[in-house]
Amino acid sequence: MKKRITILDIANELEISRNTVSKVINGTGSVSEQTREKVIQKAAEIGYRQFFAPSSEQENTTTTPLCNKEIALLTHSLIGNSHFCSSLLNSFEKKISSKGYRLSIYTIGDTEIDSFLLPANFNYENTDGIICIELFSRTYSEFLCKQGIPTIFVDTAANISDLNLDSDILYMESHGSVYVMLKELIEKGYRSISFVGDRYNCNSFYERWKGYCDVLNDYHIAVNPSNCILDNDSSPYMDAEWLSKRITALPQLPQVFFCANDFLAISTLKALRKLNYSVPEDILLCGFDNSIESQITEPALSTVNIPSKSMGYIAADMIFSRIEFPDMPYRITYIKTNVIYRESTRYADST
């Protein structure tokens, strides 16, 4: 079977963002004429069937949509190829494309969030569903759920017990995997463990924090937030200089840093090197996401794998079932994750 071409394939071929390609494909946003022509030419060249209907040889550059059905992606942050949601979106787009839908991508800015506005170019009439990724404003999320469009969130704002979302929600399982990972280290004698990351950034971070707290409590180890790095997500976590100063300011250097995701772990690794500490010889280090970077950094990171490709197919099934059965009860679905131990915790094997 011939591979189905997606927006991501066009973006990769041209080495531009998926968001730029989406603007051209869906006729939304501002794109230069030169870029628009390149996207159209590449789409025709590699056979993007959702954009170009079968036509005669002399008409093969005519933009004729096969249908007007759209699923809108709303996000507050551009999703790079290293983000775990990149693979999720690729499989999501393939699944909805097979059903005759196209994916429209909208980046939601602070203006829209603060004013409770949909994007100015949002195609309300043709949008059958919305998928929200990296969109963690509680009030704006509730606003979206009142638009009368079937909606699914991949992760949400933190601590959802009082979050009123008339929407389906898809999470990666976080609490249990963090518990298992740190339980293994505690039982090998590591009792001083620090958490790195804004625990209130999103619900997945919050559940990782809860897993961290629960395993420490179950082993009668006091949870000491002052010996963690819990600064707001607006802080420059990616700045190794800033992070090295935060590590130096801790009351006690921990035996283990557990970081809320791999990018925080890699930044922590750089900060530790600036302070002349070695991983894992001096300090153990753990992340979460199983990013490509976690596999190729030295030492390779112990982390938690998210089956993001499968999550994309599941997200598509969830939005389709919501479109077909709008009155069924809303669902919160967790996808099982699994711990991967690598070099950054290998010294725990000999403890």
# chains A, B, ... in the order shown; residues from 1 in each chain; ligands from 1
$ residues_around --residues "Gly109 of chain A" --least-positions-apart "6" --cutoff "12 Å" --atoms "only C-alpha atoms" --output "mmCIF file with N, CA, C and O atoms, in the first residue's frame"
data_model
loop_
_atom_site.group_PDB
_atom_site.id
_atom_site.type_symbol
_atom_site.label_atom_id
_atom_site.label_comp_id
_atom_site.auth_asym_id
_atom_site.auth_seq_id
_atom_site.Cartn_x
_atom_site.Cartn_y
_atom_site.Cartn_z
ATOM 1 N N LEU A 74 -5.402 23.224 18.090
ATOM 2 C CA LEU A 74 -5.136 24.474 18.794
ATOM 3 C C LEU A 74 -3.995 24.236 19.767
ATOM 4 O O LEU A 74 -4.035 23.298 20.573
ATOM 5 N N THR A 75 -2.972 25.080 19.693
ATOM 6 C CA THR A 75 -1.814 24.919 20.568
ATOM 7 C C THR A 75 -1.266 26.283 20.943
ATOM 8 O O THR A 75 -1.342 27.229 20.145
ATOM 9 N N HIS A 76 -0.730 26.386 22.136
ATOM 10 C CA HIS A 76 -0.126 27.634 22.596
ATOM 11 C C HIS A 76 1.364 27.675 22.284
ATOM 12 O O HIS A 76 1.989 28.733 22.380
ATOM 13 N N SER A 77 1.923 26.530 21.916
ATOM 14 C CA SER A 77 3.364 26.438 21.640
ATOM 15 C C SER A 77 3.585 25.661 20.352
ATOM 16 O O SER A 77 2.889 24.670 20.095
ATOM 17 N N LEU A 78 4.538 26.102 19.556
ATOM 18 C CA LEU A 78 4.903 25.344 18.373
ATOM 19 C C LEU A 78 5.515 24.008 18.802
ATOM 20 O O LEU A 78 6.327 23.962 19.737
ATOM 21 N N SER A 115 -8.444 37.271 25.996
ATOM 22 C CA SER A 115 -9.703 37.870 25.543
ATOM 23 C C SER A 115 -10.773 36.832 25.225
ATOM 24 O O SER A 115 -11.879 37.205 24.797
ATOM 25 N N PHE A 116 -10.445 35.542 25.408
ATOM 26 C CA PHE A 116 -11.383 34.455 25.101
ATOM 27 C C PHE A 116 -11.882 34.555 23.662
ATOM 28 O O PHE A 116 -13.072 34.683 23.385
ATOM 29 N N LEU A 117 -10.923 34.492 22.736
ATOM 30 C CA LEU A 117 -11.231 34.588 21.323
ATOM 31 C C LEU A 117 -10.707 33.358 20.589
ATOM 32 O O LEU A 117 -9.638 32.846 20.915
ATOM 33 N N LEU A 118 -11.441 32.923 19.582
ATOM 34 C CA LEU A 118 -10.911 31.954 18.638
ATOM 35 C C LEU A 118 -10.005 32.697 17.668
ATOM 36 O O LEU A 118 -10.137 33.920 17.502
ATOM 37 N N PRO A 119 -9.065 32.005 17.001
ATOM 38 C CA PRO A 119 -8.219 32.694 16.020
ATOM 39 C C PRO A 119 -9.068 33.408 14.983
ATOM 40 O O PRO A 119 -10.151 32.937 14.598
ATOM 41 N N ALA A 120 -8.582 34.544 14.508
ATOM 42 C CA ALA A 120 -9.355 35.354 13.567
ATOM 43 C C ALA A 120 -9.712 34.581 12.301
ATOM 44 O O ALA A 120 -10.764 34.808 11.700
ATOM 45 N N GLU A 134 -0.630 21.238 24.306
ATOM 46 C CA GLU A 134 0.159 22.322 24.893
ATOM 47 C C GLU A 134 -0.709 23.565 25.080
ATOM 48 O O GLU A 134 -0.303 24.690 24.779
ATOM 49 N N LEU A 135 -1.900 23.362 25.609
ATOM 50 C CA LEU A 135 -2.837 24.455 25.859
ATOM 51 C C LEU A 135 -3.331 24.289 27.292
ATOM 52 O O LEU A 135 -4.252 23.510 27.555
ATOM 53 N N SER A 137 -4.192 26.798 29.756
ATOM 54 C CA SER A 137 -4.985 27.819 30.445
ATOM 55 C C SER A 137 -6.321 27.216 30.875
ATOM 56 O O SER A 137 -7.098 26.735 30.031
ATOM 57 N N TYR A 140 -9.339 29.407 29.432
ATOM 58 C CA TYR A 140 -9.488 29.324 27.984
ATOM 59 C C TYR A 140 -9.941 27.921 27.570
ATOM 60 O O TYR A 140 -10.727 27.767 26.631
#
$ residues_around --residues "Asp317 of chain A" --least-positions-apart "2" --cutoff "12 Å" --atoms "only C-alpha atoms" --output "compact mmCIF listing (two decimals) with all heavy atoms, in the first residue's frame"
# COMPACT_ATOMS: atom_id res chain seq x y z
N SER A 91 0.60 10.51 13.50
CA SER A 91 -0.34 9.39 13.41
C SER A 91 -1.78 9.89 13.47
O SER A 91 -2.67 9.33 12.80
CB SER A 91 -0.07 8.37 14.51
OG SER A 91 -0.11 8.96 15.79
N PHE A 92 -2.04 10.96 14.24
CA PHE A 92 -3.37 11.54 14.29
C PHE A 92 -3.80 12.03 12.92
O PHE A 92 -4.91 11.77 12.45
CB PHE A 92 -3.39 12.69 15.30
CG PHE A 92 -4.72 13.37 15.44
CD1 PHE A 92 -5.69 12.86 16.28
CD2 PHE A 92 -4.99 14.54 14.75
CE1 PHE A 92 -6.93 13.49 16.43
CE2 PHE A 92 -6.22 15.19 14.88
CZ PHE A 92 -7.19 14.66 15.72
N GLU A 93 -2.88 12.75 12.25
CA GLU A 93 -3.20 13.29 10.93
C GLU A 93 -3.44 12.17 9.92
O GLU A 93 -4.34 12.25 9.07
CB GLU A 93 -2.09 14.21 10.45
CG GLU A 93 -2.42 14.92 9.16
CD GLU A 93 -1.28 15.73 8.61
OE1 GLU A 93 -0.20 15.74 9.23
OE2 GLU A 93 -1.47 16.35 7.54
N LYS A 94 -2.64 11.12 9.99
CA LYS A 94 -2.84 9.99 9.07
C LYS A 94 -4.21 9.37 9.27
O LYS A 94 -4.90 9.03 8.30
CB LYS A 94 -1.75 8.95 9.29
CG LYS A 94 -0.38 9.34 8.77
CD LYS A 94 0.63 8.24 9.01
CE LYS A 94 2.01 8.64 8.47
NZ LYS A 94 3.02 7.58 8.73
N LYS A 95 -4.63 9.22 10.52
CA LYS A 95 -5.91 8.59 10.80
C LYS A 95 -7.08 9.45 10.33
O LYS A 95 -8.01 8.95 9.69
CB LYS A 95 -6.03 8.30 12.30
CG LYS A 95 -7.28 7.53 12.71
CD LYS A 95 -7.26 6.11 12.16
CE LYS A 95 -8.44 5.30 12.66
NZ LYS A 95 -8.25 4.85 14.06
N ILE A 96 -7.04 10.76 10.61
CA ILE A 96 -8.17 11.59 10.19
C ILE A 96 -8.16 11.78 8.68
O ILE A 96 -9.22 11.90 8.06
CB ILE A 96 -8.17 12.95 10.92
CG1 ILE A 96 -6.99 13.83 10.50
CG2 ILE A 96 -8.21 12.77 12.42
CD1 ILE A 96 -7.09 15.27 11.00
N SER A 98 -7.40 9.52 6.54
CA SER A 98 -8.02 8.32 5.96
C SER A 98 -9.54 8.38 6.02
O SER A 98 -10.23 7.67 5.29
CB SER A 98 -7.53 7.07 6.70
OG SER A 98 -8.06 7.00 8.02
N LYS A 99 -10.07 9.27 6.87
CA LYS A 99 -11.52 9.45 6.99
C LYS A 99 -12.01 10.66 6.21
O LYS A 99 -13.18 11.04 6.31
CB LYS A 99 -11.90 9.62 8.46
CG LYS A 99 -11.54 8.44 9.35
CD LYS A 99 -12.39 7.23 9.08
CE LYS A 99 -12.09 6.13 10.11
NZ LYS A 99 -12.91 4.92 9.87
N GLY A 129 -14.24 19.11 14.63
CA GLY A 129 -13.67 18.73 15.91
C GLY A 129 -12.42 19.54 16.20
O GLY A 129 -11.83 20.14 15.29
N ILE A 131 -8.69 19.40 18.53
CA ILE A 131 -7.73 18.73 19.41
C ILE A 131 -6.80 19.80 19.98
O ILE A 131 -6.28 20.64 19.24
CB ILE A 131 -6.93 17.63 18.67
CG1 ILE A 131 -5.91 16.98 19.65
CG2 ILE A 131 -6.25 18.14 17.42
CD1 ILE A 131 -5.23 15.74 19.08
N ILE A 152 -11.14 17.42 22.14
CA ILE A 152 -10.31 16.52 22.94
C ILE A 152 -9.06 17.26 23.36
O ILE A 152 -8.48 18.01 22.57
CB ILE A 152 -9.96 15.22 22.17
CG1 ILE A 152 -9.06 14.32 23.03
CG2 ILE A 152 -9.29 15.52 20.84
CD1 ILE A 152 -8.78 12.97 22.39
N ASP A 168 -13.50 15.29 26.10
CA ASP A 168 -12.70 14.10 26.36
C ASP A 168 -11.26 14.53 26.58
O ASP A 168 -10.79 15.53 26.02
CB ASP A 168 -12.78 13.14 25.17
CG ASP A 168 -14.20 12.65 24.94
OD1 ASP A 168 -14.82 12.15 25.91
OD2 ASP A 168 -14.70 12.78 23.81
N LEU A 170 -7.13 13.04 27.03
CA LEU A 170 -6.18 11.96 26.85
C LEU A 170 -4.89 12.31 27.58
O LEU A 170 -4.29 13.36 27.34
CB LEU A 170 -5.90 11.75 25.35
CG LEU A 170 -4.94 10.61 24.97
CD1 LEU A 170 -5.50 9.26 25.40
CD2 LEU A 170 -4.69 10.61 23.46
N SER A 310 0.90 5.63 19.13
CA SER A 310 -0.38 5.00 19.45
C SER A 310 -1.36 6.00 20.03
O SER A 310 -2.57 5.93 19.77
CB SER A 310 -0.17 3.85 20.45
OG SER A 310 0.63 2.83 19.88
N MET A 311 -0.85 6.97 20.81
CA MET A 311 -1.73 7.99 21.36
C MET A 311 -2.40 8.80 20.25
O MET A 311 -3.55 9.24 20.40
CB MET A 311 -0.94 8.93 22.28
CG MET A 311 -0.62 8.34 23.64
SD MET A 311 0.25 9.52 24.72
CE MET A 311 -1.09 10.66 25.12
N GLY A 312 -1.70 9.01 19.14
CA GLY A 312 -2.30 9.74 18.02
C GLY A 312 -3.49 9.01 17.44
O GLY A 312 -4.53 9.62 17.15
N TYR A 313 -3.35 7.70 17.25
CA TYR A 313 -4.47 6.91 16.72
C TYR A 313 -5.63 6.89 17.71
O TYR A 313 -6.81 6.98 17.32
CB TYR A 313 -4.02 5.48 16.42
CG TYR A 313 -3.03 5.38 15.27
CD1 TYR A 313 -1.80 4.77 15.43
CD2 TYR A 313 -3.34 5.92 14.02
CE1 TYR A 313 -0.89 4.68 14.38
CE2 TYR A 313 -2.44 5.83 12.96
CZ TYR A 313 -1.22 5.22 13.15
OH TYR A 313 -0.33 5.13 12.12
N ILE A 314 -5.31 6.77 19.00
CA ILE A 314 -6.36 6.75 20.02
C ILE A 314 -7.08 8.10 20.07
O ILE A 314 -8.30 8.16 20.19
CB ILE A 314 -5.76 6.38 21.39
CG1 ILE A 314 -5.28 4.93 21.36
CG2 ILE A 314 -6.77 6.59 22.51
CD1 ILE A 314 -4.43 4.54 22.55
N ALA A 315 -6.31 9.20 19.98
CA ALA A 315 -6.92 10.53 19.97
C ALA A 315 -7.88 10.69 18.80
O ALA A 315 -8.96 11.27 18.93
CB ALA A 315 -5.83 11.60 19.91
N ILE A 319 -11.94 11.47 19.00
CA ILE A 319 -12.64 12.62 18.41
C ILE A 319 -13.72 12.14 17.44
O ILE A 319 -14.81 12.72 17.37
CB ILE A 319 -11.65 13.59 17.72
CG1 ILE A 319 -12.30 14.95 17.46
CG2 ILE A 319 -11.10 13.04 16.42
CD1 ILE A 319 -12.55 15.76 18.69
N PHE A 320 -13.46 11.05 16.71
CA PHE A 320 -14.48 10.53 15.79
C PHE A 320 -15.70 10.01 16.55
O PHE A 320 -16.85 10.23 16.14
CB PHE A 320 -13.90 9.43 14.91
CG PHE A 320 -12.98 9.93 13.82
CD1 PHE A 320 -11.83 9.24 13.48
CD2 PHE A 320 -13.28 11.11 13.13
CE1 PHE A 320 -10.99 9.71 12.49
CE2 PHE A 320 -12.43 11.58 12.14
CZ PHE A 320 -11.29 10.87 11.81
N SER A 321 -15.47 9.30 17.65
CA SER A 321 -16.60 8.78 18.41
C SER A 321 -17.40 9.92 19.04
O SER A 321 -18.63 9.84 19.16
CB SER A 321 -16.13 7.80 19.49
OG SER A 321 -15.28 8.43 20.42
N ARG A 322 -16.71 11.00 19.43
CA ARG A 322 -17.42 12.16 20.00
C ARG A 322 -18.26 12.86 18.93
O ARG A 322 -19.37 13.32 19.20
CB ARG A 322 -16.41 13.13 20.62
CG ARG A 322 -17.00 14.42 21.17
CD ARG A 322 -18.02 14.19 22.25
NE ARG A 322 -17.48 13.38 23.33
CZ ARG A 322 -18.22 12.84 24.30
NH1 ARG A 322 -19.52 13.03 24.31
NH2 ARG A 322 -17.66 12.10 25.23
N ILE A 323 -17.72 12.94 17.70
CA ILE A 323 -18.48 13.54 16.60
C ILE A 323 -19.73 12.71 16.31
O ILE A 323 -20.82 13.25 16.08
CB ILE A 323 -17.60 13.64 15.34
CG1 ILE A 323 -16.48 14.69 15.56
CG2 ILE A 323 -18.42 14.00 14.11
CD1 ILE A 323 -15.41 14.69 14.48
N GLU A 324 -19.57 11.39 16.34
CA GLU A 324 -20.70 10.51 16.00
C GLU A 324 -21.70 10.40 17.14
O GLU A 324 -22.92 10.34 16.91
CB GLU A 324 -20.18 9.11 15.66
CG GLU A 324 -21.26 8.17 15.16
CD GLU A 324 -20.71 6.84 14.70
OE1 GLU A 324 -19.47 6.65 14.76
OE2 GLU A 324 -21.52 5.98 14.27
N PHE A 325 -21.22 10.41 18.38
CA PHE A 325 -22.10 10.25 19.54
C PHE A 325 -21.86 11.41 20.51
O PHE A 325 -21.24 11.24 21.57
CB PHE A 325 -21.85 8.91 20.24
CG PHE A 325 -21.98 7.71 19.34
CD1 PHE A 325 -20.85 7.02 18.92
CD2 PHE A 325 -23.22 7.28 18.89
CE1 PHE A 325 -20.96 5.91 18.10
CE2 PHE A 325 -23.34 6.19 18.06
CZ PHE A 325 -22.21 5.49 17.66
N THR A 333 -8.95 9.31 29.52
CA THR A 333 -8.24 8.10 29.12
C THR A 333 -6.75 8.24 29.41
O THR A 333 -6.13 9.26 29.05
CB THR A 333 -8.44 7.82 27.62
OG1 THR A 333 -9.85 7.67 27.36
CG2 THR A 333 -7.72 6.55 27.19
$ atom_distance --atom1 "atom CA of Glu112 of chain A" --atom2 "atom CA of Ser87 of chain A"
26.8 Å
$ residues_around --residues "Leu230 of chain A" --least-positions-apart "4" --cutoff "6 Å" --atoms "only C-alpha atoms" --output "ChimeraX atom specification"
/A:196-198
$ select_by_dssp --residues "segment 105-349 of chain A" --states "helix (DSSP H, G or I)" --output "PyMOL selection string"
chain A and resi 110-115+138-144+160-162+175-187+203-218+225-227+240-248+262-274+292-296+308-324+343-349
$ select_by_dssp --residues "segment 13-185 of chain A" --states "strand (DSSP E or B)" --output "list in words"
Glu70, Ile71, Ala72, Leu73, Leu74, Thr75, Arg102, Leu103, Ser104, Ile105, Tyr106, Thr107, Thr127, Asp128, Gly129, Ile130, Ile131, Cys132, Ile133, Thr151, Ile152, Phe153, Val154, Asp168, Ile169, Leu170, Tyr171 and Met172 of chain A
$ write_last_selection --atoms "C-alpha atoms" --output "mmCIF file, in the first residue's frame"
data_model
loop_
_atom_site.group_PDB
_atom_site.id
_atom_site.type_symbol
_atom_site.label_atom_id
_atom_site.label_comp_id
_atom_site.auth_asym_id
_atom_site.auth_seq_id
_atom_site.Cartn_x
_atom_site.Cartn_y
_atom_site.Cartn_z
ATOM 1 C CA GLU A 70 -11.573 19.829 9.144
ATOM 2 C CA ILE A 71 -10.177 18.920 12.534
ATOM 3 C CA ALA A 72 -8.538 21.962 14.154
ATOM 4 C CA LEU A 73 -5.365 21.696 16.209
ATOM 5 C CA LEU A 74 -5.136 24.474 18.794
ATOM 6 C CA THR A 75 -1.814 24.919 20.568
ATOM 7 C CA ARG A 102 -7.728 17.599 6.914
ATOM 8 C CA LEU A 103 -5.808 19.007 9.882
ATOM 9 C CA SER A 104 -5.843 22.794 10.340
ATOM 10 C CA ILE A 105 -3.225 24.169 12.736
ATOM 11 C CA TYR A 106 -3.812 27.294 14.818
ATOM 12 C CA THR A 107 -1.320 28.770 17.282
ATOM 13 C CA THR A 127 -14.556 22.454 11.731
ATOM 14 C CA ASP A 128 -16.047 19.198 12.983
ATOM 15 C CA GLY A 129 -13.667 18.732 15.911
ATOM 16 C CA ILE A 130 -10.851 20.314 17.921
ATOM 17 C CA ILE A 131 -7.727 18.731 19.408
ATOM 18 C CA CYS A 132 -5.838 20.814 21.983
ATOM 19 C CA ILE A 133 -2.142 20.208 22.673
ATOM 20 C CA THR A 151 -13.117 18.694 21.585
ATOM 21 C CA ILE A 152 -10.313 16.520 22.941
ATOM 22 C CA PHE A 153 -7.437 17.673 25.133
ATOM 23 C CA VAL A 154 -4.054 15.954 25.181
ATOM 24 C CA ASP A 168 -12.696 14.099 26.355
ATOM 25 C CA ILE A 169 -9.158 14.102 27.772
ATOM 26 C CA LEU A 170 -6.182 11.959 26.845
ATOM 27 C CA TYR A 171 -3.237 11.607 29.242
ATOM 28 C CA MET A 172 -0.030 9.639 29.307
#
$ closest_residue --among "A:Tyr200, A:Tyr190, A:Phe195, A:Trp242" --to "Cys259 of chain A" --atoms "only C-alpha atoms"
A:Phe195
$ residues_around --residues "segment 278-285 of chain A" --least-positions-apart "3" --cutoff "7 Å" --atoms "only C-alpha atoms" --output "PDB file with N, CA and C atoms, in the first residue's frame"
ATOM      1  N   GLN A 255      21.260  13.076  45.974  1.00  0.00           N
ATOM      2  CA  GLN A 255      21.877  11.929  45.307  1.00  0.00           C
ATOM      3  C   GLN A 255      21.285  11.715  43.920  1.00  0.00           C
ATOM      4  N   VAL A 256      20.016  12.121  43.749  1.00  0.00           N
ATOM      5  CA  VAL A 256      19.283  11.886  42.501  1.00  0.00           C
ATOM      6  C   VAL A 256      18.500  13.143  42.144  1.00  0.00           C
ATOM      7  N   PHE A 257      18.547  13.532  40.868  1.00  0.00           N
ATOM      8  CA  PHE A 257      17.626  14.533  40.340  1.00  0.00           C
ATOM      9  C   PHE A 257      16.599  13.809  39.465  1.00  0.00           C
ATOM     10  N   PHE A 258      15.306  13.938  39.830  1.00  0.00           N
ATOM     11  CA  PHE A 258      14.254  13.498  38.909  1.00  0.00           C
ATOM     12  C   PHE A 258      13.690  14.749  38.248  1.00  0.00           C
ATOM     13  N   ALA A 265      15.904  17.448  32.132  1.00  0.00           N
ATOM     14  CA  ALA A 265      17.007  16.583  32.563  1.00  0.00           C
ATOM     15  C   ALA A 265      18.295  16.911  31.812  1.00  0.00           C
ATOM     16  N   ARG A 273      27.505  19.670  34.884  1.00  0.00           N
ATOM     17  CA  ARG A 273      28.841  19.691  34.294  1.00  0.00           C
ATOM     18  C   ARG A 273      29.539  21.026  34.555  1.00  0.00           C
ATOM     19  N   SER A 344      22.426   6.954  32.901  1.00  0.00           N
ATOM     20  CA  SER A 344      22.400   8.034  33.878  1.00  0.00           C
ATOM     21  C   SER A 344      22.026   7.571  35.286  1.00  0.00           C
ATOM     22  N   THR A 345      21.576   6.307  35.418  1.00  0.00           N
ATOM     23  CA  THR A 345      21.309   5.750  36.756  1.00  0.00           C
ATOM     24  C   THR A 345      22.051   4.424  36.953  1.00  0.00           C
ATOM     25  N   ARG A 346      23.037   4.130  36.138  1.00  0.00           N
ATOM     26  CA  ARG A 346      23.644   2.792  36.177  1.00  0.00           C
ATOM     27  C   ARG A 346      24.365   2.527  37.487  1.00  0.00           C
ATOM     28  N   TYR A 347      24.833   3.558  38.194  1.00  0.00           N
ATOM     29  CA  TYR A 347      25.533   3.320  39.441  1.00  0.00           C
ATOM     30  C   TYR A 347      24.595   2.786  40.522  1.00  0.00           C
TER      31      TYR A 347
END
$ residues_around --residues "Ser294 of chain A" --least-positions-apart "4" --cutoff "9 Å" --atoms "only C-alpha atoms" --output "number ranges by chain"
A: 262-263, 265-266, 287-290, 298-303
$ write_last_selection --atoms "N, CA and C atoms" --output "compact mmCIF listing (two decimals), in the first residue's frame"
# COMPACT_ATOMS: atom_id res chain seq x y z
N ASP A 262 12.47 15.19 29.74
CA ASP A 262 13.85 14.96 29.30
C ASP A 262 14.61 16.26 29.04
N PHE A 263 13.91 17.28 28.54
CA PHE A 263 14.61 18.53 28.24
C PHE A 263 15.10 19.20 29.52
N ALA A 265 15.90 17.45 32.13
CA ALA A 265 17.01 16.58 32.56
C ALA A 265 18.29 16.91 31.81
N ILE A 266 18.19 17.16 30.52
CA ILE A 266 19.39 17.48 29.73
C ILE A 266 19.96 18.84 30.16
N GLY A 287 14.76 11.44 33.62
CA GLY A 287 13.85 12.32 32.89
C GLY A 287 12.52 11.65 32.64
N PHE A 288 11.79 12.16 31.65
CA PHE A 288 10.48 11.60 31.29
C PHE A 288 10.19 12.02 29.86
N ASP A 289 9.73 11.11 29.03
CA ASP A 289 9.28 11.29 27.64
C ASP A 289 9.96 10.34 26.66
N ASN A 290 11.19 9.91 26.97
CA ASN A 290 11.98 9.11 26.03
C ASN A 290 12.15 9.84 24.70
N GLU A 298 25.08 11.93 26.37
CA GLU A 298 26.04 11.13 27.14
C GLU A 298 26.14 11.68 28.56
N PRO A 299 25.77 10.86 29.54
CA PRO A 299 25.27 9.49 29.40
C PRO A 299 23.80 9.50 28.95
N ALA A 300 23.38 8.39 28.34
CA ALA A 300 21.98 8.25 27.95
C ALA A 300 21.10 8.30 29.19
N LEU A 301 19.93 8.93 29.05
CA LEU A 301 19.07 9.19 30.21
C LEU A 301 18.15 8.03 30.54
N SER A 302 18.06 7.72 31.82
CA SER A 302 16.94 6.91 32.29
C SER A 302 15.69 7.78 32.20
N THR A 303 14.61 7.21 31.71
CA THR A 303 13.44 8.02 31.38
C THR A 303 12.19 7.15 31.38
$ atom_distance --atom1 "atom CA of Asp231 of chain A" --atom2 "atom CA of Tyr334 of chain A"
27.1 Å
$ closest_residue --among "A:Ile10, A:Thr248, A:Gln147, A:Pro326" --to "Ala43 of chain A" --atoms "only C-alpha atoms"
A:Ile10
$ atom_distance --atom1 "atom CA of Ala158 of chain A" --atom2 "atom CA of Ala260 of chain A"
13.3 Å
$ residues_around --residues "Arg208 of chain A" --least-positions-apart "5" --cutoff "8 Å" --atoms "only C-alpha atoms" --output "list in words"
Ser174, His175, Val178, Arg199 and Ala260 of chain A
$ residues_around --residues "segment 31-34 of chain A" --least-positions-apart "6" --cutoff "8 Å" --atoms "only C-alpha atoms" --output "PyMOL selection string"
chain A and resi 20+23-24
$ write_last_selection --atoms "N, CA and C atoms" --output "JSON list (two decimals), in the first residue's frame"
[["chain", "number", "residue", "atom", "x", "y", "z"],
["A", 20, "THR", "N", 3.48, 26.33, 9.07],
["A", 20, "THR", "CA", 3.52, 27.09, 7.83],
["A", 20, "THR", "C", 2.84, 26.33, 6.70],
["A", 23, "LYS", "N", -0.92, 26.48, 7.06],
["A", 23, "LYS", "CA", -1.50, 27.75, 6.63],
["A", 23, "LYS", "C", -1.74, 27.77, 5.12],
["A", 24, "VAL", "N", -0.78, 27.23, 4.37],
["A", 24, "VAL", "CA", -0.93, 27.19, 2.92],
["A", 24, "VAL", "C", -2.03, 26.22, 2.51]]
